[in-house]
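J.: One structure is given below, represented as structure tokens, and several questions about it will come after.
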There are 2 protein chains.
Amino acid sequence: MRGRFITFEGVEGVGKSTQIAHAAQYLLGRGILPLVTREPGGTPLAEKLRALVLEPQHGPVGPTEELLIMFAARASHVAAVIRPALRRGRWVLCDRFTDATEAYQGGGRGVNPVWIRQLARIAHPRLMPDLTFIFDAPAAVASARVSGRGTGHDRIEAEETEFFERVRRAYLAIAAREPGRVRVVDATQPEVAVADVVAQALEAALRNRGD
Amino acid sequence: MRGRFITFEGVEGVGKSTQIAHAAQYLLGRGILPLVTREPGGTPLAEKLRALVLEPQHGPVGPTEELLIMFAARASHVAAVIRPALRRGRWVLCDRFTDATEAYQGGGRGVNPVWIRQLARIAHPRLMPDLTFIFDAPAAVASARVSGRGTGHDRIEAEETEFFERVRRAYLAIAAREPGRVRVVDATQPEVAVADVVAQALEAALRNRGD
């Protein structure tokens with residue numbers, strides 16, 4: 001029996017990490033020890049690739065190079081961590097995946113979304129999440145949670161809010177396109193209410209385990 | 001006036017490097033100082049990416065990761081070296097480019113050629129060589145030149161010959177598909193005869209410079 005590949009998406013500040021912890025706890029209570037992972041995925045190659053993008057001594061990294069390197073790291077993560085776990089029947093909970101690239105690089109930075117979908121088919125052919133949670137909140141709410149000091153009003157904060165609104169809209173467009181896979185969860189609800197919505201979706205996935 | 005982007009392709013042993021030197025010399029004689037380059041292209045990022053693929057301490061690198069990393073390095077080479085030179089009107093002579101990926105990874109190793117063409121459009125949109133020389137020789141002739149000891153007969157050498165024949169067929173398929181860009185040059189001819197064929201094609205490119 002193949003495991004389930006479940007991804008958690010959303011902008012910073014929507015409570016993603018907390019909800020992954022709740023989801024893992026819920027599955028544990030149902031006798032399932034999930035593998036919790038996140039990109040770049042802990043393979044030596046992926047870590048090195050991440051360092052190349054982040055470390056300034058390698059000189060500026062253009063958006064196309066960043067995109068290709070990101071998918072190379074993802075291909076390594078999928079081949080070395082995600083696929084082997086799924087093959088062994090493990091459930092995999094992953095903090096962000098290709099939807100994040102479509103939302104951030106595509107929606108946020110204007111990278112051609114067709115490129116992103118082509119790269120996804122190259123980097124992880126025939127592998128998409130079985131279930132994806134998009135934790136959704138207005139960008140101003142999420143950024144207020146990150147900064148912990150209310151909604152910003154200066155020019156840079158306004159630009160940042162506009163960027164995160166574009167990311168949010170791109171996430172919602174993915175959900176509209178793939179309603180069978182993607183659940184949008186209202187992240188402005190209290191933490192326990194959000195965790196309940198996630199738990200119900202996990203329960204449904206557990207019941208369909210034999211399909 | 002934009003420079004010309006000219007690539008030199010073919011399997012090891014066909015005399016590519018020698019012919020690039022002859023071509024550069026020919027252009028110099030016509031008052032053009034070409035930029036001679038080769039992948040990974042000398043950008044710090046591309047060198048680091050190349051090291052990641054080649055250095056064994058990073059663990060095995062799968063074919064998909066290798067393909068994506070190769071195109072990330074190429075994107076860097078194009079953005080930092082090739083495009084700026086062409087914009088300044090320089091002629092660029094490049095030892096191998098995307099055709100090599102199609103021949104080696106596609107023809108040789110069976111990577112989906114559609115992926116390679118999609119990656120080319122992502123890594124270097126709207127940039128293909130103006131002129132490409134494919135130096136062609138039977139694989140056995142080329143490998144005999146490399147080894148300097150005649151055609152091999154054992155199992156591994158036979159496998160290698162079969163691999164290089166697949167690479168060669170992929171190169172010839174590119175030439176058949178794009179006869180306007182690609183010149184196949186019979187590399188079994190004497191060095192000076194090959195250089196003459198190249199010089200004639202360069203002369204034609206020089207005459208069309210104003211177009």
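In the structure tokens, chains take letters A, B, ... by order of appearance, with residues numbered from 1 within each chain and ligands from 1 in the order shown.
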I need the strand (DSSP E or B) residues of segment 119-181 of chain A per DSSP on the backbone, written as an mmCIF file with N, CA and C atoms, in the first residue's frame.

T.:
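The resulting file, states21.cif, is shown below:
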```
data_model
loop_
_atom_site.group_PDB
_atom_site.id
_atom_site.type_symbol
_atom_site.label_atom_id
_atom_site.label_comp_id
_atom_site.auth_asym_id
_atom_site.auth_seq_id
_atom_site.Cartn_x
_atom_site.Cartn_y
_atom_site.Cartn_z
ATOM 1 N N LEU A 131 -2.989 15.244 -1.511
ATOM 2 C CA LEU A 131 -3.830 16.199 -0.786
ATOM 3 C C LEU A 131 -2.963 17.406 -0.439
ATOM 4 N N THR A 132 -3.509 18.580 -0.672
ATOM 5 C CA THR A 132 -2.778 19.815 -0.370
ATOM 6 C C THR A 132 -3.675 20.749 0.429
ATOM 7 N N PHE A 133 -3.137 21.250 1.527
ATOM 8 C CA PHE A 133 -3.838 22.269 2.300
ATOM 9 C C PHE A 133 -3.234 23.626 1.960
ATOM 10 N N ILE A 134 -4.081 24.552 1.567
ATOM 11 C CA ILE A 134 -3.624 25.937 1.417
ATOM 12 C C ILE A 134 -4.247 26.726 2.560
ATOM 13 N N PHE A 135 -3.396 27.205 3.453
ATOM 14 C CA PHE A 135 -3.858 28.011 4.580
ATOM 15 C C PHE A 135 -3.961 29.448 4.089
ATOM 16 N N ASP A 136 -5.179 29.928 4.081
ATOM 17 C CA ASP A 136 -5.457 31.201 3.427
ATOM 18 C C ASP A 136 -5.856 32.282 4.422
#
```

J.: Looking only at the backbone, which of the residues in chain A does DSSP tag as helix (DSSP H, G or I), as a PyMOL selection string?

T.: chain A and resi 16-29+44-54+56-58+63-87+98-108+113-123+139-147+155-177+191-207

J.: I need the contact residues of chain A against chain B, so if you could list those with any atom within 10 Å, counting only C-alpha atoms, and return them as a VMD selection string, that would help.

T.: chain A and resid 43 to 49 52 to 53 57 to 76 79 to 80 112 114 to 116 118 to 119 121 to 124

J.: Find, counting only C-alpha atoms, the residue in B:Glu203, B:Glu191, B:Asp196, B:Asp99 that gets nearest to Val14 of chain B.

T.: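 Closest to Val14 of chain B, using only C-alpha atoms: B:Glu191.
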
J.: May I have the residues within 9 Å of Val81 of chain B as a list of chain:residue names, using only C-alpha atoms and disregarding those fewer than 4 positions away in the same chain?

T.: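 Surrounding residues, per the criterion: B:Thr37, B:Gly41, B:Gly42, B:Thr43, B:Ser76, B:His77, B:Ala85, B:Leu86.
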
J.: For the residues in that selection, give me C-alpha atoms as an mmCIF file, in the first residue's frame.

T.:
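Everything below was put into result_8.cif:
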```cif
data_model
loop_
_atom_site.group_PDB
_atom_site.id
_atom_site.type_symbol
_atom_site.label_atom_id
_atom_site.label_comp_id
_atom_site.auth_asym_id
_atom_site.auth_seq_id
_atom_site.Cartn_x
_atom_site.Cartn_y
_atom_site.Cartn_z
ATOM 1 C CA THR B 37 34.014 30.135 -24.664
ATOM 2 C CA GLY B 41 31.209 29.168 -19.064
ATOM 3 C CA GLY B 42 33.385 30.536 -16.342
ATOM 4 C CA THR B 43 30.748 32.209 -14.184
ATOM 5 C CA SER B 76 24.176 31.603 -16.065
ATOM 6 C CA HIS B 77 26.692 31.306 -18.931
ATOM 7 C CA ALA B 85 29.081 39.756 -25.698
ATOM 8 C CA LEU B 86 26.519 39.487 -28.499
#
```
